[in-house]
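Enquirer: Structure file query-v8.txt (compact mmCIF, C-alpha atoms) is given on the next line.
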```txt
# COMPACT_ATOMS: atom_id res chain seq x y z
CA MET A 1388 -11.30 -12.72 -31.65
CA CYS A 1389 -9.99 -12.90 -28.12
CA LYS A 1390 -6.35 -13.36 -27.27
CA LYS A 1391 -5.20 -16.82 -26.17
CA LEU A 1392 -2.51 -15.82 -23.68
CA ALA A 1393 -4.01 -15.02 -20.30
CA THR A 1394 -2.61 -11.91 -18.59
CA ASN A 1395 -3.21 -10.23 -15.25
CA PHE A 1396 -6.36 -8.08 -15.36
CA PHE A 1397 -4.38 -5.38 -13.57
CA GLY A 1398 -1.19 -6.23 -15.44
CA ILE A 1399 1.00 -3.73 -17.29
CA ASP A 1400 2.81 -4.96 -20.41
CA THR A 1401 6.44 -3.74 -20.49
CA THR A 1402 7.49 -5.87 -23.47
CA TYR A 1403 8.24 -2.80 -25.58
CA GLY A 1404 9.39 -0.54 -22.75
CA ALA A 1405 8.24 0.83 -19.41
CA ASP A 1406 6.23 3.73 -20.86
CA ASN A 1407 2.96 1.78 -20.91
CA LEU A 1408 0.84 2.77 -17.89
CA GLY A 1409 -2.49 1.24 -18.92
CA ILE A 1410 -3.69 -1.98 -17.33
CA ASP A 1411 -4.80 -4.89 -19.52
CA GLY A 1412 -8.34 -4.88 -18.13
CA LEU A 1413 -9.20 -1.42 -19.51
CA VAL A 1414 -11.51 -3.07 -22.04
CA PHE A 1415 -13.89 -3.79 -19.14
CA ARG A 1416 -14.06 -0.15 -18.06
CA THR A 1417 -17.64 1.13 -18.08
CA LYS A 1418 -17.40 4.39 -16.17
CA SER A 1419 -14.78 7.00 -15.25
CA ILE A 1420 -14.88 10.21 -13.29
CA PRO A 1421 -14.99 13.50 -15.26
CA GLU A 1422 -12.07 15.88 -15.52
CA GLU A 1423 -13.41 18.15 -12.76
CA TYR A 1424 -13.10 15.34 -10.20
CA GLU A 1425 -9.62 14.48 -11.47
CA LYS A 1426 -8.56 18.08 -10.86
CA GLU A 1427 -10.07 18.03 -7.36
CA LEU A 1428 -8.20 14.81 -6.56
CA GLU A 1429 -4.98 16.38 -7.79
CA GLU A 1430 -5.59 19.48 -5.64
CA LEU A 1431 -6.35 17.29 -2.62
CA PHE A 1432 -3.12 15.38 -3.18
CA LYS A 1433 -1.19 18.67 -3.28
CA LEU A 1434 -2.89 19.84 -0.09
CA LYS A 1435 -1.90 16.67 1.73
CA ASN A 1436 1.68 16.92 0.51
CA SER A 1437 1.88 20.58 1.52
CA PHE A 1438 0.59 19.78 5.01
CA GLU A 1439 3.04 16.90 5.42
CA ASP A 1440 5.92 19.10 4.31
CA LYS A 1441 4.94 21.57 7.01
CA ILE A 1442 4.82 19.18 9.96
CA LEU A 1443 7.27 16.44 8.96
CA LEU A 1444 11.01 16.74 9.34
CA PRO A 1445 13.07 17.79 6.32
CA VAL A 1446 15.46 15.14 5.00
CA PHE A 1447 18.48 16.77 6.69
CA PHE A 1448 16.87 16.50 10.13
CA LYS A 1449 15.73 12.93 9.46
CA VAL A 1450 19.33 11.99 8.68
CA LEU A 1451 20.49 13.87 11.77
CA GLN A 1452 17.92 11.98 13.86
CA ILE A 1453 19.25 8.64 12.60
CA ILE A 1454 22.86 9.69 13.31
CA MET A 1455 21.99 10.79 16.85
CA LEU A 1456 20.24 7.50 17.53
CA ALA A 1457 23.17 5.53 16.08
CA VAL A 1458 25.62 7.38 18.35
CA CYS A 1459 23.48 6.55 21.41
CA LEU A 1460 23.16 2.88 20.47
CA ILE A 1461 26.88 2.50 19.79
CA PHE A 1462 27.67 4.12 23.16
CA LEU A 1463 25.20 1.81 24.96
CA CYS A 1464 26.74 -1.26 23.33
CA CYS A 1465 30.27 -0.19 24.28
CA SER A 1466 29.22 0.73 27.81
CA PHE A 1467 27.44 -2.61 28.26
CA GLU A 1468 30.52 -4.45 26.99
CA ALA A 1469 32.64 -2.54 29.53
CA LEU A 1470 30.19 -3.44 32.30
CA VAL A 1471 30.47 -7.11 31.36
CA GLY A 1472 34.26 -6.70 31.53
CA GLY A 1473 33.99 -5.43 35.10
CA VAL A 1474 34.21 -1.66 34.51
CA SER A 1475 31.47 0.10 36.45
CA LEU A 1476 29.53 3.10 35.15
CA LYS A 1477 31.22 5.28 37.78
CA VAL A 1478 34.65 4.32 36.47
CA GLN A 1479 33.54 4.75 32.87
CA TYR A 1480 32.28 8.25 33.64
CA SER A 1481 35.42 9.24 35.50
CA ASN A 1482 37.53 8.07 32.54
CA ALA A 1483 35.54 9.97 29.91
CA PRO A 1484 32.93 12.36 31.40
CA GLU A 1485 32.83 14.44 28.20
CA LEU A 1486 31.71 11.34 26.27
CA PHE A 1487 28.73 10.87 28.58
CA TRP A 1488 27.76 14.52 28.10
CA ILE A 1489 28.09 14.26 24.31
CA VAL A 1490 25.92 11.14 24.21
CA GLY A 1491 23.40 12.83 26.51
CA MET A 1492 23.18 15.76 24.09
CA CYS A 1493 22.79 13.35 21.17
CA PHE A 1494 19.90 11.64 22.95
CA LEU A 1495 18.28 15.01 23.68
CA VAL A 1496 18.56 16.07 20.02
CA TRP A 1497 17.13 12.71 18.89
CA PHE A 1498 14.21 12.99 21.32
CA VAL A 1499 13.39 16.57 20.29
CA LEU A 1500 13.43 15.57 16.61
CA LEU A 1501 11.22 12.58 17.45
CA VAL A 1502 8.49 14.53 19.23
CA SER A 1503 8.55 17.78 17.24
CA PRO A 1504 6.23 16.56 14.42
CA LYS A 1505 3.77 15.28 17.04
CA MET A 1506 3.89 18.62 18.87
CA LEU A 1507 3.37 20.51 15.62
CA LEU A 1508 0.35 18.32 14.83
CA LYS A 1509 -1.20 19.18 18.20
CA ARG A 1510 -1.10 22.91 17.54
CA ASP A 1511 -4.62 24.25 17.07
CA GLU A 1512 -4.02 25.80 13.65
CA ASN A 1513 -2.41 22.60 12.29
CA ARG A 1514 -5.12 20.42 13.81
CA ALA A 1515 -7.78 22.61 12.22
CA GLU A 1516 -6.02 22.46 8.85
CA LEU A 1517 -5.79 18.67 9.04
CA ASP A 1518 -9.48 18.38 9.98
CA ALA A 1519 -10.35 20.58 6.99
CA ILE A 1520 -8.32 18.34 4.67
CA TYR A 1521 -10.04 15.24 6.07
CA ALA A 1522 -13.47 16.84 5.63
CA LYS A 1523 -12.69 17.83 2.06
CA SER A 1524 -11.33 14.36 1.36
CA ARG A 1525 -14.44 12.62 2.75
CA LYS A 1526 -16.79 14.86 0.77
CA LEU A 1527 -14.85 14.39 -2.47
CA TYR A 1528 -14.70 10.61 -2.15
CA ASP A 1529 -18.39 10.50 -1.21
CA ASP A 1530 -19.24 12.56 -4.31
CA ILE A 1531 -17.10 10.27 -6.49
CA SER A 1532 -18.75 7.16 -5.04
CA LYS A 1533 -22.18 8.60 -5.81
CA TYR A 1534 -21.13 9.52 -9.35
CA LEU A 1535 -19.73 6.03 -9.95
CA GLU A 1536 -22.85 4.56 -8.28
CA ILE A 1537 -20.90 2.43 -5.83
CA PRO A 1538 -23.45 0.94 -3.42
CA ASP A 1539 -23.05 1.26 0.33
CA GLN A 1540 -23.08 -2.52 0.59
CA HIS A 1541 -19.82 -3.58 -1.01
CA LEU A 1542 -16.59 -5.38 -0.17
CA ASP A 1543 -13.22 -3.66 0.10
CA ILE A 1544 -10.43 -5.98 -1.03
CA TYR A 1545 -6.91 -5.94 -2.39
CA ILE A 1546 -6.31 -7.11 -5.94
CA LEU A 1547 -2.75 -7.46 -7.18
CA GLY A 1548 -1.44 -6.17 -10.48
CA GLU A 1549 1.98 -6.81 -11.92
CA LEU A 1550 4.50 -5.74 -14.51
CA TYR A 1551 5.25 -8.34 -17.14
CA LYS A 1552 6.82 -8.88 -20.52
CA ILE A 1553 6.12 -11.47 -23.18
CA LYS A 1554 9.01 -13.51 -24.53
CA ASP A 1555 8.81 -16.58 -26.78
CA GLY A 1556 5.04 -16.52 -26.43
CA LYS A 1557 5.19 -16.77 -22.62
CA LEU A 1558 4.40 -14.25 -19.91
CA HIS A 1559 7.32 -13.38 -17.62
CA HIS A 1560 6.69 -11.59 -14.33
CA VAL A 1561 8.85 -8.46 -13.89
CA LYS A 1562 9.88 -7.47 -10.37
CA SER A 1563 10.26 -3.81 -9.60
CA ALA A 1564 12.94 -2.37 -7.33
CA TYR A 1565 10.14 -1.29 -4.99
CA TYR A 1566 7.56 -4.09 -5.18
CA ASP A 1567 6.82 -7.51 -6.62
CA TYR A 1568 3.13 -6.80 -7.15
CA ILE A 1569 1.10 -3.60 -7.41
CA THR A 1570 -1.67 -3.25 -4.85
CA PHE A 1571 -5.10 -2.07 -6.02
CA ASN A 1572 -7.62 -1.31 -3.27
CA MET A 1573 -10.99 -2.01 -4.88
CA SER A 1574 -14.65 -1.75 -3.90
CA VAL A 1575 -16.40 -4.89 -5.14
CA TYR A 1576 -20.08 -5.65 -5.72
CA VAL A 1577 -22.39 -7.45 -8.15
CA LYS A 1578 -24.76 -5.63 -10.46
CA ASP A 1579 -26.80 -7.03 -13.38
CA ASP A 1580 -24.93 -10.37 -13.26
CA LYS A 1581 -21.60 -8.58 -13.52
CA LEU A 1582 -18.78 -8.31 -11.03
CA CYS A 1583 -18.02 -4.64 -10.56
CA LEU A 1584 -14.57 -3.45 -9.47
CA ALA A 1585 -14.36 0.22 -8.53
CA ASP A 1586 -11.60 2.49 -7.29
CA ASN A 1587 -11.61 6.26 -6.83
CA SER A 1588 -11.84 6.96 -10.53
CA THR A 1589 -13.08 3.97 -12.54
CA VAL A 1590 -15.59 1.13 -12.62
CA TYR A 1591 -14.81 -2.17 -14.36
CA GLU A 1592 -17.56 -4.72 -15.05
CA ILE A 1593 -16.84 -8.39 -15.72
CA PRO A 1594 -19.69 -10.80 -16.56
CA LEU A 1595 -19.98 -13.42 -13.83
CA ALA A 1596 -20.36 -16.05 -16.55
CA SER A 1597 -16.83 -15.21 -17.74
CA PHE A 1598 -15.25 -16.57 -14.55
CA VAL A 1599 -14.30 -20.13 -15.44
CA LYS A 1600 -11.92 -21.22 -12.68
CA ALA A 1601 -10.77 -20.31 -9.17
CA LYS A 1602 -7.68 -21.76 -7.53
CA TYR A 1603 -6.21 -21.27 -4.08
CA VAL A 1604 -2.45 -20.98 -4.51
CA LYS A 1605 -0.19 -21.76 -1.53
CA ASP A 1606 2.75 -19.75 -2.84
CA ARG A 1607 3.29 -16.53 -0.95
CA VAL A 1608 3.23 -13.21 -2.74
CA ASP A 1609 4.79 -10.07 -1.29
CA PHE A 1610 3.06 -6.72 -1.68
CA SER A 1611 2.81 -3.36 0.06
CA ALA A 1612 -0.46 -3.08 1.97
CA TRP A 1613 -1.99 -3.15 5.39
CA THR A 1614 -5.03 -5.07 6.47
CA SER A 1615 -6.96 -3.72 9.44
CA ASN A 1616 -8.70 -7.02 10.13
CA GLU A 1617 -5.78 -8.65 11.88
CA LYS A 1618 -3.00 -7.71 14.27
CA PHE A 1619 0.53 -7.26 13.03
CA ASP A 1620 2.22 -10.66 12.70
CA PRO A 1621 5.95 -10.71 11.86
CA ASP A 1622 5.54 -14.14 10.28
CA ARG A 1623 3.18 -12.62 7.70
CA TYR A 1624 5.61 -9.86 6.70
CA ASN A 1625 8.96 -9.96 4.93
CA LYS A 1626 12.06 -7.97 5.97
CA ASN A 1627 10.77 -4.90 4.10
CA LEU A 1628 7.45 -4.99 6.01
CA LYS A 1629 5.57 -6.04 2.90
CA LEU A 1630 2.58 -8.28 3.48
CA ARG A 1631 3.11 -11.95 2.61
CA SER A 1632 0.07 -14.00 1.73
CA PHE A 1633 -1.32 -16.99 -0.12
CA TYR A 1634 -3.75 -15.97 -2.84
CA TYR A 1635 -6.71 -16.83 -5.02
CA ARG A 1636 -6.22 -16.91 -8.78
CA LEU A 1637 -9.46 -16.33 -10.69
CA GLU A 1638 -9.43 -17.08 -14.42
CA ILE A 1639 -11.56 -15.10 -16.85
CA ASN A 1640 -12.48 -16.34 -20.33
CA ASP A 1641 -14.34 -13.54 -22.07
CA ALA A 1642 -14.98 -12.24 -25.59
CA ASN A 1643 -12.61 -9.40 -24.67
CA GLY A 1644 -9.78 -11.80 -23.89
CA ASN A 1645 -8.36 -14.17 -21.30
CA TYR A 1646 -7.33 -12.69 -17.96
CA TYR A 1647 -6.81 -13.61 -14.33
CA LEU A 1648 -7.26 -11.82 -11.02
CA ILE A 1649 -4.87 -12.28 -8.09
CA VAL A 1650 -6.64 -11.78 -4.76
CA PRO A 1651 -4.43 -12.17 -1.68
CA ASP A 1652 -5.94 -14.10 1.19
CA CYS A 1653 -5.00 -11.45 3.76
CA ASP A 1654 -8.36 -10.47 5.23
CA TYR A 1655 -11.88 -11.75 5.73
CA ASP A 1656 -13.29 -10.09 2.63
CA ALA A 1657 -11.15 -12.22 0.30
CA SER A 1658 -13.24 -15.37 0.91
CA ALA A 1659 -16.43 -13.29 0.84
CA PHE A 1660 -15.32 -12.02 -2.56
CA ILE A 1661 -15.06 -15.58 -3.87
CA ASN A 1662 -18.55 -16.34 -2.55
CA LEU A 1663 -19.80 -13.21 -4.29
CA ILE A 1664 -18.71 -14.62 -7.65
CA GLY A 1665 -20.27 -17.98 -6.88
CA ILE A 1666 -17.50 -20.20 -8.19
CA ALA A 1667 -15.98 -23.30 -6.63
CA VAL A 1668 -12.37 -23.01 -5.50
CA ASP A 1669 -9.85 -25.65 -6.51
CA LYS A 1670 -7.51 -26.22 -3.57
```
Can the structure in the file be given as structure tokens, please?
Expert:
Amino acid sequence: MCKKLATNFFGIDTTYGADNLGIDGLVFRTKSIPEEYEKELEELFKLKNSFEDKILLPVFFKVLQIIMLAVCLIFLCCSFEALVGGVSLKVQYSNAPELFWIVGMCFLVWFVLLVSPKMLLKRDENRAELDAIYAKSRKLYDDISKYLEIPDQHLDIYILGELYKIKDGKLHHVKSAYYDYITFNMSVYVKDDKLCLADNSTVYEIPLASFVKAKYVKDRVDFSAWTSNEKFDPDRYNKNLKLRSFYYRLEINDANGNYYLIVPDCDYDASAFINLIGIAVDK
């Protein structure tokens, strides 16, 4: 008997605490990568982190960089205000030459800290190490795609998950300190009359006949992601540089339960995804 309350396919139920990490749509999982691939992914993740630690600034120097920049900006604001008040740069310098030298040193420190990671990345040994990591990454993901049988012809879209809790028989969205919705980057295709959703470890298969409704919702959702199909538009992003977008809500009525998918309308593949399912959209 299927549940009556519809929940997000990629939703995580926190009603009884935040320890639950499994998404609601796990019942549709048909294939997962073996342990050997999981270990390789973990090793790749460690390699990337190790490389970043080597070329990126430690936290202390990042803080120092911000302080140096702040000093320069404060000085520029004060100097500009003095200029507006009729005090020339020559007079300002004669009154406090040591201040100009201090700010100059601050700018130099900031600039060196800014370019040092880029210079480190250009070193032959670091460039070779990065190329090796990229090559290993491409091979591993290609092997995983072959194992999961993800076809070359597929769509790459964002699907949004969420944290929620159930109270008084109703679903209540839970906002995290870091995000409103969780972004899942999925490869999407149709096989044997089923919609297949695949990431780097799992394939989910939903019968196309289980999709009963599609609605275009003109309420913006905020989520962390980047779409390469359009130029940066400040009107599409909130103050935290999270993407803001209208979305499609696709309802699923299946023997395994009632669910919905949230697909943000942030790139061209979103509408192609709807066409792939073959369902009319209620606008």
Enquirer: Near A:Ile1649, counting only C-alpha atoms, which residues have an atom at most 6 Å away, once you skip same-chain residues fewer than 5 positions from it, shown as a ChimeraX atom specification?
Expert: /A:1546-1547,1635-1636
Enquirer: Which residue, A:Ile1593, A:Leu1460, A:Val1575, A:Ile1569, has the smallest gap to A:Gln1540 when you use all atoms listed in the file?
Expert: A:Val1575
Enquirer: Which residue, A:Phe1660, A:Phe1498, A:Tyr1634, A:Trp1488, has the smallest gap to A:Asp1543 when you use only C-alpha atoms?
Expert: A:Phe1660
Enquirer: Would you list the contacts of stretch 1525-1538 of chain A as a ChimeraX atom specification, taking every protein, DNA or RNA residue within 8 Å and counting all atoms listed in the file, but skipping same-chain residues closer than 4 positions in sequence?
Expert: /A:1418-1420,1424,1427-1428,1521,1574,1576,1585,1587-1590
Enquirer: Provide the atom CA of A:Leu1517 to atom CA of A:Phe1438 distance in Å, to one decimal place.
Expert: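 Spanning atom CA of A:Leu1517 to atom CA of A:Phe1438 is a straight-line distance of 7.6 Å.
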Enquirer: Considering only C-alpha atoms, return as a list in words whatever protein or nucleic-acid residues lie within 9 Å of A:Ala1657, sequence-local ones (same chain, fewer than 3 positions apart) excluded.
Expert: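 Close residues of A:Ala1657: Leu1542, Asp1543, Ile1544, Tyr1545, Tyr1634, Tyr1635, Val1650, Pro1651, Asp1652, Cys1653, Asp1654, Phe1660, Ile1661 and Asn1662 of chain A.
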Enquirer: By how many Å are atom CA of A:Glu1430 and atom CA of A:Phe1397 apart?
Expert: 26.1 Å
Enquirer: Just checking: using all atoms listed in the file, which residue out of A:Ala1393, A:Leu1495, A:Ala1522, A:Val1608 ends up closest to A:Ile1553?
Expert: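 Closest residue, counting all atoms listed in the file: A:Ala1393.
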Enquirer: Could you check the closest approach to A:Phe1448 for each of A:Pro1504, A:Gly1665, A:Gly1404, A:Pro1594 and tell me which residue wins, using all atoms listed in the file?
Expert: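 Smallest separation from A:Phe1448 among the options: A:Pro1504.
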Enquirer: Which one of A:Asp1641, A:Leu1392, A:Phe1432, A:Lys1602 sits closest to A:Gly1556 if you count all atoms listed in the file?
Expert: A:Leu1392
Enquirer: Enter the distance from atom CA of A:Ser1632 to atom CA of A:Val1604, in Å, rounded to one decimal.
Expert: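 Computed distance, atom CA of A:Ser1632 to atom CA of A:Val1604, equals 9.7 Å.
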Enquirer: Here's a test: counting only C-alpha atoms, identify every protein, DNA and RNA residue with an atom at most 12 Å from (31.5, 7.0, 20.4) in the file's coordinate frame, and state them as a PDB file with C-alpha atoms, keeping the file's coordinate frame.
Expert:
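Contents of part02.pdb, as written:
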```pdb
ATOM      1  CA  ILE A1454      22.860   9.690  13.310  1.00  0.00           C
ATOM      2  CA  MET A1455      21.990  10.790  16.850  1.00  0.00           C
ATOM      3  CA  LEU A1456      20.240   7.500  17.530  1.00  0.00           C
ATOM      4  CA  ALA A1457      23.170   5.530  16.080  1.00  0.00           C
ATOM      5  CA  VAL A1458      25.620   7.380  18.350  1.00  0.00           C
ATOM      6  CA  CYS A1459      23.480   6.550  21.410  1.00  0.00           C
ATOM      7  CA  LEU A1460      23.160   2.880  20.470  1.00  0.00           C
ATOM      8  CA  ILE A1461      26.880   2.500  19.790  1.00  0.00           C
ATOM      9  CA  PHE A1462      27.670   4.120  23.160  1.00  0.00           C
ATOM     10  CA  LEU A1463      25.200   1.810  24.960  1.00  0.00           C
ATOM     11  CA  CYS A1464      26.740  -1.260  23.330  1.00  0.00           C
ATOM     12  CA  CYS A1465      30.270  -0.190  24.280  1.00  0.00           C
ATOM     13  CA  SER A1466      29.220   0.730  27.810  1.00  0.00           C
ATOM     14  CA  ALA A1483      35.540   9.970  29.910  1.00  0.00           C
ATOM     15  CA  GLU A1485      32.830  14.440  28.200  1.00  0.00           C
ATOM     16  CA  LEU A1486      31.710  11.340  26.270  1.00  0.00           C
ATOM     17  CA  PHE A1487      28.730  10.870  28.580  1.00  0.00           C
ATOM     18  CA  TRP A1488      27.760  14.520  28.100  1.00  0.00           C
ATOM     19  CA  ILE A1489      28.090  14.260  24.310  1.00  0.00           C
ATOM     20  CA  VAL A1490      25.920  11.140  24.210  1.00  0.00           C
ATOM     21  CA  GLY A1491      23.400  12.830  26.510  1.00  0.00           C
ATOM     22  CA  CYS A1493      22.790  13.350  21.170  1.00  0.00           C
TER      23      CYS A1493
END
```
Enquirer: Hey, which of A:Thr1570, A:Asp1518, A:Leu1434, A:His1541 ends up closest to A:Ala1659? Count all atoms listed in the file.
Expert: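 Closest candidate: A:His1541.
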